[in-house]
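Below is one structure, written out as structure tokens; comments come after it.
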2 protein chains.
Amino acid sequence: MLAVTILGNNSAIPAFDRHPTAQVITLDDHLFLVDCGEGTQTQMNKYKIRRSRINHIFISHLHGDHYFGLIGLITSMGLLGRHQDLNLYGPASLKDIFDLQLQVADTQLPYNLIFHRLEEETVLVKDNRFQVEAFRVSHRIECWGFIFRQIRPPRKVNPEKARLAGVPSSFFDRLKWGENYETQGGLLIQNAGITDPAPRPKSYAYSADTVFDPQLAVKVQGVDLLYHETTYLKDLEERATKRFHCTTVQAATIAQMAGVRRLLIGHFSSKYDRLDDFETEARAVFPETNLALEGVTYLVT
Amino acid sequence: MLAVTILGNNSAIPAFDRHPTAQVITLDDHLFLVDCGEGTQTQMNKYKIRRSRINHIFISHLHGDHYFGLIGLITSMGLLGRHQDLNLYGPASLKDIFDLQLQVADTQLPYNLIFHRLEEETVLVKDNRFQVEAFRVSHRIECWGFIFRQIRPPRKVNPEKARLAGVPSSFFDRLKWGENYETQGGLLIQNAGITDPAPRPKSYAYSADTVFDPQLAVKVQGVDLLYHETTYLKDLEERATKRFHCTTVQAATIAQMAGVRRLLIGHFSSKYDRLDDFETEARAVFPETNLALEGVTYLVT
């Protein structure tokens, strides 16, 4: 299962009860946090995100609407008694900032905060079920996007067949990952007979903040779901370009060029109180578009 | 008029829809911000605080629940086109932190952010109507409290008498500050005849985070309203002391020792979902106690 939960869909300034950028990616039983604008820990409370399941946080760039909530989250995790390691990926200076903030507060985190400096387009996290990749994005300052890919999704257990074959339900989780079952009598139950094949592996790309950049379409080619920023409506293309941001039409064009299945748009400017036009304009170019709405989970299909 | 509006009354971790510390002090037509926990700018939106009227921000100490919202607020002020100077008072390292954060974001604020390092117990701001003083507080790290004092409150204009005497309403604001009025015919209208005397000047002290400290009672002696932290209920005195915080009974004892008129308590630990016992316990020692509740404005009388 791959899904994206939006905690913040706004740019720069919090407005109209929209919050700065933060997303939680669910990949089977792992949660990943991508960006962490001010108030993210409060949004996590509101939407009941279990922070103890987050072991990896990815920060795209050091504009405040993407990371001002990080220091609050990592210190709160400490106050709440976290002990397991936390991996943090971001531009080099991010470490200088939180090191200074922890030092002046005389705070010792009770867990290991392991910082991974982003420096090249590479795989950041990998196990046999999924991987997370970083790619460079064209913004006013150093900026990174991330792709979450399932490598080998779980097979679907047919519980009736499995039980008839004598497989205990405690073994079902191992069936998902393709194991055969041997009964106490030494009989080998073939996995394929009691599970359905795994679905196609899914992928999700997060574009971060970006100017219109056809190279981005190459980097996210063929993902199932692309999140692309649309800070402005199409009439403000000049302003978007000047500020290294994109419009609805530009985001939808990238989605089209990249051949993705679906597009999710967000990072809306605080100048807009209503979002309807974002959806209309983007869908005119790329019909499979959704608005990124806070509190909503988008399943990657 | 002197009043305190609570934007955040919780300690450390946001919980139960309570937010980390932030207060707005209204002193006639000035607004002052004291501390600025994460989410303060959102609380300002919610409670319609006009940030353009804030020209002075005071940060008591560098634990995150007192300043993690500051960088978001000062960058948002810039994005919203602020031009007038902003004065910021805090421990020295605060400047290092926001300098670094502005630098990595390649952000130039469109206004002057004037940093005043807190280094001694002194008057920070003074005009002929009010002053703001800083005093040292005993906490785990360098920490400061602040006293807001009216020096000379405005007189109350009697509009009927003033009009009968031929004073135009455009002059009423000057009457408040004691001026006499000279009519076009050269007649001098004595201020005292058309205004009521100014009330007693009011004062408000903000204690910040503190261990139980009788010295504090000396420093805030006789203020009209004292805000004192009560992180814990009375049964957790040992824990409070170990963490350089106070209980209800300790706060109320300080209020009693200092001979203040009223006590406002806050900085409640996230372990408490209900606040009733804080009020009950503090009032048992010092009856004129109120809970600091978010969104509520406490007039200093």
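The chains in the structure tokens are called A, B, ... from first to last as shown; in each chain the residues are counted from 1, and the ligands are counted from 1 in the order shown.
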Quick one: which residues from chain B are at most 8 Å off chain A, using only C-alpha atoms, as a CSV table (one decimal) with C-alpha atoms, in the first residue's frame?
chain,number,residue,atom,x,y,z
B,12,ALA,CA,6.6,22.1,25.9
B,13,ILE,CA,4.3,20.1,23.7
B,14,PRO,CA,1.1,21.4,22.0
B,15,ALA,CA,-1.7,19.3,23.4
B,38,GLU,CA,5.3,27.5,17.4
B,39,GLY,CA,2.0,28.4,15.7
B,41,GLN,CA,1.2,33.5,13.7
B,42,THR,CA,-1.8,31.1,13.2
B,45,ASN,CA,-4.9,35.1,12.6
B,62,LEU,CA,15.5,29.9,24.2
B,63,HIS,CA,13.5,26.8,25.0
B,64,GLY,CA,11.5,26.0,21.9
B,65,ASP,CA,8.0,26.4,23.4
B,68,PHE,CA,10.0,28.3,17.7
B,69,GLY,CA,7.2,30.4,16.1
B,71,ILE,CA,11.2,32.9,12.6
B,72,GLY,CA,7.8,32.1,10.9
B,76,SER,CA,5.7,36.3,7.2
B,79,LEU,CA,6.1,38.5,2.9
B,93,SER,CA,22.0,33.4,20.6
B,97,ILE,CA,19.7,31.5,15.0
B,100,LEU,CA,21.4,31.6,10.0
B,101,GLN,CA,17.8,30.8,9.0
B,104,VAL,CA,20.2,29.8,4.2
B,105,ALA,CA,16.8,30.8,2.8
B,106,ASP,CA,18.5,33.7,0.9
B,141,ILE,CA,19.0,28.3,31.0
Can you list, as a ChimeraX atom specification, every protein, DNA or RNA residue that comes within 12 Å of Lys161 of chain B when you count only C-alpha atoms, leaving out same-chain residues fewer than 3 positions away?
-> /B:156-158,164-169,172,189-196
With N, CA and C atoms retained, could you export that selection as a compact mmCIF listing (two decimals), in the first residue's frame?
# COMPACT_ATOMS: atom_id res chain seq x y z
N LYS B 156 -9.53 61.18 31.51
CA LYS B 156 -10.78 60.84 30.83
C LYS B 156 -11.50 62.13 30.45
N VAL B 157 -11.72 62.32 29.14
CA VAL B 157 -12.38 63.53 28.66
C VAL B 157 -13.88 63.46 28.96
N ASN B 158 -14.44 64.55 29.49
CA ASN B 158 -15.89 64.66 29.64
C ASN B 158 -16.41 65.38 28.39
N LEU B 164 -19.27 72.02 25.44
CA LEU B 164 -19.86 73.27 25.94
C LEU B 164 -18.81 74.37 26.02
N ALA B 165 -17.58 73.95 26.36
CA ALA B 165 -16.50 74.94 26.49
C ALA B 165 -15.91 75.32 25.13
N GLY B 166 -16.44 74.69 24.06
CA GLY B 166 -15.99 75.06 22.72
C GLY B 166 -14.75 74.32 22.23
N VAL B 167 -14.45 73.18 22.86
CA VAL B 167 -13.28 72.42 22.42
C VAL B 167 -13.71 71.45 21.31
N PRO B 168 -13.08 71.50 20.13
CA PRO B 168 -13.46 70.59 19.04
C PRO B 168 -13.02 69.15 19.37
N SER B 169 -13.78 68.18 18.87
CA SER B 169 -13.48 66.78 19.24
C SER B 169 -12.11 66.35 18.69
N PHE B 172 -9.64 66.26 21.41
CA PHE B 172 -9.88 65.41 22.60
C PHE B 172 -8.68 64.53 22.93
N ILE B 189 -8.94 77.31 28.10
CA ILE B 189 -9.81 76.36 28.80
C ILE B 189 -8.91 75.39 29.58
N GLN B 190 -9.07 75.41 30.91
CA GLN B 190 -8.22 74.57 31.75
C GLN B 190 -8.61 73.10 31.59
N ASN B 191 -7.61 72.27 31.37
CA ASN B 191 -7.83 70.83 31.19
C ASN B 191 -8.64 70.23 32.34
N ALA B 192 -8.27 70.57 33.56
CA ALA B 192 -8.88 69.95 34.74
C ALA B 192 -10.39 70.16 34.79
N GLY B 193 -10.88 71.23 34.17
CA GLY B 193 -12.30 71.53 34.21
C GLY B 193 -13.13 70.65 33.29
N ILE B 194 -12.51 70.05 32.29
CA ILE B 194 -13.28 69.29 31.30
C ILE B 194 -12.80 67.83 31.17
N THR B 195 -11.92 67.42 32.06
CA THR B 195 -11.50 66.01 32.08
C THR B 195 -11.55 65.50 33.52
N ASP B 196 -11.63 64.17 33.62
CA ASP B 196 -11.50 63.55 34.93
C ASP B 196 -10.05 63.11 35.10
Calculate how many Å separate atom CA of Phe58 of chain A from atom CA of Asp224 of chain A, rounding to one decimal.
-> 20.1 Å
Skipping near chain neighbours, those fewer than 3 positions away, what residues fall within 7 Å of segment 232-244 of chain A using only C-alpha atoms, listed as a list of chain:residue names?
->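 My reading of the contact set: A:His139, A:Arg140, A:Thr210, A:Val211, A:Thr247, A:Thr248, A:Val249, A:Phe268, A:Ser269, A:Phe278.
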Expected file: the selected residues, C-alpha atoms, as a short mmCIF file (atom, residue, chain, number, x, y, z; two decimals), in the first residue's frame:
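selection25.cif was written with the following content:
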data_model
loop_
_atom_site.label_atom_id
_atom_site.label_comp_id
_atom_site.auth_asym_id
_atom_site.auth_seq_id
_atom_site.Cartn_x
_atom_site.Cartn_y
_atom_site.Cartn_z
CA HIS A 139 14.29 26.42 -7.25
CA ARG A 140 15.75 29.70 -5.97
CA THR A 210 10.11 24.25 -8.64
CA VAL A 211 10.14 26.57 -11.59
CA THR A 247 1.14 27.62 -12.38
CA THR A 248 -1.64 25.05 -12.78
CA VAL A 249 -1.06 24.76 -16.52
CA PHE A 268 -1.22 27.23 -3.07
CA SER A 269 -0.40 30.90 -2.65
CA PHE A 278 -6.76 25.36 -9.52
#
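The shell of residues at most 6 Å from segment 49-56 of chain B, with only C-alpha atoms counted and near chain neighbours (fewer than 3 positions) removed, consists of B:Leu31, B:Phe32, B:Met44, B:Leu86, B:Asn87, B:Leu88.
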Now that the selection is made, can you save its residues with N, CA and C atoms as a compact mmCIF listing (two decimals), in the first residue's frame?
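Below is the file part_38.txt, written as the result:
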# COMPACT_ATOMS: atom_id res chain seq x y z
N LEU B 31 0.86 47.48 20.77
CA LEU B 31 0.80 46.04 21.05
C LEU B 31 2.23 45.53 21.21
N PHE B 32 2.44 44.67 22.19
CA PHE B 32 3.75 44.03 22.39
C PHE B 32 3.54 42.52 22.40
N MET B 44 -2.51 34.30 15.95
CA MET B 44 -2.78 35.72 15.68
C MET B 44 -3.88 35.87 14.63
N LEU B 86 11.17 46.63 13.33
CA LEU B 86 10.71 45.70 14.34
C LEU B 86 11.83 45.51 15.35
N ASN B 87 11.54 45.75 16.62
CA ASN B 87 12.54 45.58 17.68
C ASN B 87 12.34 44.25 18.36
N LEU B 88 13.44 43.52 18.47
CA LEU B 88 13.38 42.18 19.05
C LEU B 88 14.35 42.12 20.22
Go through segment 141-241 of chain B and collect every residue that DSSP, computed from the backbone, puts in helix (DSSP H, G or I); the answer should be as a PDB file with C-alpha atoms, in the first residue's frame.
ATOM      1  CA  PRO B 159     -17.237  65.195  26.110  1.00  0.00           C
ATOM      2  CA  GLU B 160     -20.280  67.212  27.186  1.00  0.00           C
ATOM      3  CA  LYS B 161     -18.292  69.708  29.254  1.00  0.00           C
ATOM      4  CA  ALA B 162     -15.594  69.906  26.601  1.00  0.00           C
ATOM      5  CA  ARG B 163     -18.052  70.681  23.811  1.00  0.00           C
ATOM      6  CA  LEU B 164     -19.857  73.269  25.940  1.00  0.00           C
ATOM      7  CA  SER B 169     -13.476  66.781  19.239  1.00  0.00           C
ATOM      8  CA  SER B 170     -10.304  66.699  17.125  1.00  0.00           C
ATOM      9  CA  PHE B 171      -8.515  68.077  20.215  1.00  0.00           C
ATOM     10  CA  PHE B 172      -9.885  65.410  22.598  1.00  0.00           C
ATOM     11  CA  ASP B 173      -6.873  63.141  22.162  1.00  0.00           C
ATOM     12  CA  ARG B 174      -4.603  65.973  23.375  1.00  0.00           C
ATOM     13  CA  LEU B 175      -6.938  66.646  26.302  1.00  0.00           C
ATOM     14  CA  LYS B 176      -6.379  63.055  27.424  1.00  0.00           C
ATOM     15  CA  ASN B 191      -7.832  70.835  31.188  1.00  0.00           C
ATOM     16  CA  ALA B 192      -8.880  69.949  34.738  1.00  0.00           C
ATOM     17  CA  GLY B 193     -12.302  71.525  34.214  1.00  0.00           C
ATOM     18  CA  ILE B 194     -13.276  69.286  31.296  1.00  0.00           C
ATOM     19  CA  PRO B 214      11.354  34.344  46.575  1.00  0.00           C
ATOM     20  CA  GLN B 215      13.604  36.846  44.790  1.00  0.00           C
ATOM     21  CA  LEU B 216      10.998  36.973  42.033  1.00  0.00           C
ATOM     22  CA  ALA B 217       8.487  38.315  44.574  1.00  0.00           C
ATOM     23  CA  VAL B 218      10.857  41.198  45.250  1.00  0.00           C
ATOM     24  CA  LYS B 219      11.275  41.972  41.566  1.00  0.00           C
ATOM     25  CA  LYS B 234       0.956  20.940  43.903  1.00  0.00           C
ATOM     26  CA  ASP B 235       1.559  17.188  44.305  1.00  0.00           C
ATOM     27  CA  LEU B 236       4.405  17.362  41.780  1.00  0.00           C
ATOM     28  CA  GLU B 237       6.526  19.939  43.609  1.00  0.00           C
ATOM     29  CA  GLU B 238       9.605  17.743  43.510  1.00  0.00           C
ATOM     30  CA  ARG B 239       9.357  17.260  39.748  1.00  0.00           C
ATOM     31  CA  ALA B 240       8.678  20.979  39.292  1.00  0.00           C
ATOM     32  CA  THR B 241      11.810  21.912  41.205  1.00  0.00           C
TER      33      THR B 241
END
Write out as JSON, numbers by chain which residues come within 12 Å of Arg283 of chain A when counting only C-alpha atoms, dropping same-chain ones fewer than 3 positions away.
-> {"A": [248, 249, 250, 251, 252, 253, 255, 256, 262, 263, 264, 265, 276, 277, 278, 279, 280, 286, 287, 288, 289, 290, 291]}
Export, as a compact mmCIF listing (two decimals), in the first residue's frame, the selected residues with N, CA and C atoms.
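Output saved as selection.txt:
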# COMPACT_ATOMS: atom_id res chain seq x y z
N THR A 248 -0.83 26.25 -12.51
CA THR A 248 -1.64 25.05 -12.78
C THR A 248 -1.29 24.43 -14.13
N VAL A 249 -1.28 25.27 -15.17
CA VAL A 249 -1.06 24.76 -16.52
C VAL A 249 0.35 24.19 -16.65
N GLN A 250 1.30 24.84 -16.00
CA GLN A 250 2.67 24.33 -16.07
C GLN A 250 2.79 22.98 -15.36
N ALA A 251 2.16 22.85 -14.20
CA ALA A 251 2.22 21.57 -13.47
C ALA A 251 1.56 20.47 -14.30
N ALA A 252 0.41 20.78 -14.88
CA ALA A 252 -0.33 19.78 -15.66
C ALA A 252 0.46 19.40 -16.91
N THR A 253 1.19 20.33 -17.47
CA THR A 253 2.02 20.06 -18.65
C THR A 253 3.14 19.09 -18.29
N ALA A 255 3.05 16.91 -15.89
CA ALA A 255 2.41 15.61 -15.66
C ALA A 255 2.20 14.87 -16.98
N GLN A 256 1.75 15.64 -17.98
CA GLN A 256 1.51 15.09 -19.31
C GLN A 256 2.81 14.60 -19.94
N ARG A 262 -1.54 9.92 -12.36
CA ARG A 262 -2.35 10.95 -11.71
C ARG A 262 -1.46 12.07 -11.19
N LEU A 263 -2.08 13.23 -11.08
CA LEU A 263 -1.37 14.43 -10.61
C LEU A 263 -2.07 14.97 -9.37
N LEU A 264 -1.27 15.36 -8.39
CA LEU A 264 -1.80 15.97 -7.17
C LEU A 264 -1.16 17.37 -7.10
N ILE A 265 -1.98 18.41 -6.93
CA ILE A 265 -1.41 19.77 -6.94
C ILE A 265 -1.61 20.44 -5.58
N ASP A 276 -11.02 26.22 -6.23
CA ASP A 276 -11.72 25.59 -7.36
C ASP A 276 -11.00 25.79 -8.68
N ASP A 277 -10.54 27.01 -8.92
CA ASP A 277 -9.93 27.31 -10.22
C ASP A 277 -8.65 26.51 -10.44
N PHE A 278 -7.98 26.18 -9.36
CA PHE A 278 -6.76 25.36 -9.52
C PHE A 278 -7.11 24.02 -10.17
N GLU A 279 -8.18 23.41 -9.65
CA GLU A 279 -8.59 22.11 -10.17
C GLU A 279 -9.04 22.25 -11.63
N THR A 280 -9.87 23.23 -11.91
CA THR A 280 -10.42 23.42 -13.26
C THR A 280 -9.30 23.64 -14.27
N PHE A 286 -4.66 18.27 -17.89
CA PHE A 286 -4.38 16.89 -17.45
C PHE A 286 -5.56 16.46 -16.57
N PRO A 287 -6.52 15.74 -17.18
CA PRO A 287 -7.78 15.46 -16.47
C PRO A 287 -7.63 14.71 -15.15
N GLU A 288 -6.61 13.86 -15.03
CA GLU A 288 -6.48 13.04 -13.81
C GLU A 288 -5.77 13.83 -12.71
N THR A 289 -6.29 15.00 -12.40
CA THR A 289 -5.68 15.87 -11.40
C THR A 289 -6.57 15.97 -10.17
N ASN A 290 -5.95 15.96 -9.00
CA ASN A 290 -6.67 16.26 -7.76
C ASN A 290 -5.98 17.37 -6.99
N LEU A 291 -6.80 18.14 -6.27
CA LEU A 291 -6.27 19.12 -5.33
C LEU A 291 -5.73 18.38 -4.11
Quick one: distance from atom CA of Arg129 of chain B to atom CA of Phe148 of chain B in Å, one decimal?
->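 According to the coordinates, atom CA of Arg129 of chain B and atom CA of Phe148 of chain B are separated by 11.0 Å.
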Find the residues near Asp28 of chain B: any atom within 10 Å, counting only C-alpha atoms, skip ones fewer than 6 places away on the same chain, and give them as number ranges by chain.
-> B: 1-3, 129-130, 150, 153-154
Store the residues of this selection in a file with N, CA and C atoms, as a PDB file, in the first residue's frame.
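Just written: again-v4.pdb:
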ATOM      1  N   MET B   1      -5.024  52.109  28.959  1.00  0.00           N
ATOM      2  CA  MET B   1      -5.520  50.734  29.012  1.00  0.00           C
ATOM      3  C   MET B   1      -4.367  49.732  28.945  1.00  0.00           C
ATOM      4  N   LEU B   2      -4.333  48.824  29.883  1.00  0.00           N
ATOM      5  CA  LEU B   2      -3.312  47.782  29.897  1.00  0.00           C
ATOM      6  C   LEU B   2      -4.039  46.438  29.964  1.00  0.00           C
ATOM      7  N   ALA B   3      -3.707  45.544  29.031  1.00  0.00           N
ATOM      8  CA  ALA B   3      -4.395  44.250  28.984  1.00  0.00           C
ATOM      9  C   ALA B   3      -3.477  43.187  28.401  1.00  0.00           C
ATOM     10  N   ARG B 129       4.638  57.710  28.351  1.00  0.00           N
ATOM     11  CA  ARG B 129       3.397  57.095  28.820  1.00  0.00           C
ATOM     12  C   ARG B 129       3.590  55.735  29.473  1.00  0.00           C
ATOM     13  N   PHE B 130       4.667  55.033  29.085  1.00  0.00           N
ATOM     14  CA  PHE B 130       4.839  53.677  29.617  1.00  0.00           C
ATOM     15  C   PHE B 130       6.309  53.279  29.559  1.00  0.00           C
ATOM     16  N   GLN B 150       2.470  51.368  32.990  1.00  0.00           N
ATOM     17  CA  GLN B 150       2.010  52.689  32.580  1.00  0.00           C
ATOM     18  C   GLN B 150       2.728  53.702  33.447  1.00  0.00           C
ATOM     19  N   PRO B 153      -1.168  57.322  32.756  1.00  0.00           N
ATOM     20  CA  PRO B 153      -2.325  56.913  31.958  1.00  0.00           C
ATOM     21  C   PRO B 153      -3.082  58.151  31.467  1.00  0.00           C
ATOM     22  N   PRO B 154      -3.853  58.025  30.403  1.00  0.00           N
ATOM     23  CA  PRO B 154      -4.604  59.178  29.880  1.00  0.00           C
ATOM     24  C   PRO B 154      -5.716  59.620  30.839  1.00  0.00           C
TER      25      PRO B 154
END
In Å, rounded to a single decimal, give me how far atom CA of His228 of chain A is from atom CA of His30 of chain A.
->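 It comes out at 22.9 Å.
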Select, from B:His66, B:His267, B:Ala284, B:Leu275, the residue with the minimum atom-to-atom distance to Ser11 of chain B, counting only C-alpha atoms.
->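 Closest candidate: B:His267.
Shortest atom-to-atom contact with Val223 of chain B among B:Met257, B:Val296, B:Leu7, B:Ile147: B:Ile147, counting only C-alpha atoms.
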Residue nearest Asp209 of chain A among A:Leu225, A:Val137, A:Ala282, A:Val260 (counting only C-alpha atoms) =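 Residue with the minimum atom-to-atom distance to Asp209 of chain A: A:Val137.
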Would you mind listing what lies within 9 Å of Ile6 of chain A as a list in words, with only C-alpha atoms counted and same-chain residues fewer than 2 positions away left out?
->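 Here the qualifying residues turn out to be Val4, Gly8, Asn9, Thr21, Ala22, Gln23, Val24, Ile25, Ala292, Leu293, Glu294, Gly295, Val296, Thr297 and Tyr298 of chain A.
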Kindly export the residues of the current selection with N, CA and C atoms, as a PDB file, in the first residue's frame.
ATOM      1  N   VAL A   4      -0.497   8.926   0.240  1.00  0.00           N
ATOM      2  CA  VAL A   4       0.013  10.229   0.673  1.00  0.00           C
ATOM      3  C   VAL A   4      -1.068  10.930   1.478  1.00  0.00           C
ATOM      4  N   GLY A   8      -0.280  19.791   5.080  1.00  0.00           N
ATOM      5  CA  GLY A   8      -0.227  21.229   4.765  1.00  0.00           C
ATOM      6  C   GLY A   8      -0.177  21.396   3.260  1.00  0.00           C
ATOM      7  N   ASN A   9      -1.018  22.263   2.718  1.00  0.00           N
ATOM      8  CA  ASN A   9      -1.068  22.420   1.253  1.00  0.00           C
ATOM      9  C   ASN A   9      -0.828  23.858   0.811  1.00  0.00           C
ATOM     10  N   THR A  21       3.724  23.428   3.954  1.00  0.00           N
ATOM     11  CA  THR A  21       3.875  22.068   3.429  1.00  0.00           C
ATOM     12  C   THR A  21       4.306  21.008   4.441  1.00  0.00           C
ATOM     13  N   ALA A  22       3.603  19.909   4.437  1.00  0.00           N
ATOM     14  CA  ALA A  22       4.002  18.674   5.132  1.00  0.00           C
ATOM     15  C   ALA A  22       3.135  17.556   4.578  1.00  0.00           C
ATOM     16  N   GLN A  23       3.752  16.393   4.369  1.00  0.00           N
ATOM     17  CA  GLN A  23       3.030  15.227   3.849  1.00  0.00           C
ATOM     18  C   GLN A  23       3.533  13.984   4.563  1.00  0.00           C
ATOM     19  N   VAL A  24       2.633  13.060   4.795  1.00  0.00           N
ATOM     20  CA  VAL A  24       3.049  11.758   5.327  1.00  0.00           C
ATOM     21  C   VAL A  24       2.823  10.707   4.247  1.00  0.00           C
ATOM     22  N   ILE A  25       3.874   9.955   3.938  1.00  0.00           N
ATOM     23  CA  ILE A  25       3.781   8.896   2.941  1.00  0.00           C
ATOM     24  C   ILE A  25       3.661   7.578   3.690  1.00  0.00           C
ATOM     25  N   ALA A 292      -4.580  18.790  -3.611  1.00  0.00           N
ATOM     26  CA  ALA A 292      -4.066  18.244  -2.344  1.00  0.00           C
ATOM     27  C   ALA A 292      -4.805  18.954  -1.212  1.00  0.00           C
ATOM     28  N   LEU A 293      -5.682  18.248  -0.525  1.00  0.00           N
ATOM     29  CA  LEU A 293      -6.464  18.858   0.555  1.00  0.00           C
ATOM     30  C   LEU A 293      -5.993  18.318   1.903  1.00  0.00           C
ATOM     31  N   GLU A 294      -5.915  19.198   2.881  1.00  0.00           N
ATOM     32  CA  GLU A 294      -5.381  18.793   4.184  1.00  0.00           C
ATOM     33  C   GLU A 294      -6.288  17.772   4.865  1.00  0.00           C
ATOM     34  N   GLY A 295      -5.664  16.775   5.452  1.00  0.00           N
ATOM     35  CA  GLY A 295      -6.409  15.737   6.147  1.00  0.00           C
ATOM     36  C   GLY A 295      -6.859  14.610   5.233  1.00  0.00           C
ATOM     37  N   VAL A 296      -6.640  14.767   3.924  1.00  0.00           N
ATOM     38  CA  VAL A 296      -7.083  13.741   2.971  1.00  0.00           C
ATOM     39  C   VAL A 296      -5.907  12.829   2.629  1.00  0.00           C
ATOM     40  N   THR A 297      -6.178  11.520   2.536  1.00  0.00           N
ATOM     41  CA  THR A 297      -5.174  10.531   2.131  1.00  0.00           C
ATOM     42  C   THR A 297      -5.451  10.105   0.690  1.00  0.00           C
ATOM     43  N   TYR A 298      -4.447  10.232  -0.156  1.00  0.00           N
ATOM     44  CA  TYR A 298      -4.568   9.867  -1.565  1.00  0.00           C
ATOM     45  C   TYR A 298      -3.849   8.542  -1.770  1.00  0.00           C
TER      46      TYR A 298
END
DSSP-assigned strand (DSSP E or B) members of segment 105-218 of chain B, reported as a ChimeraX atom specification | /B:113-117,123-126,130-136,144-150,156-157,181-182,188-189,195-196,203-206
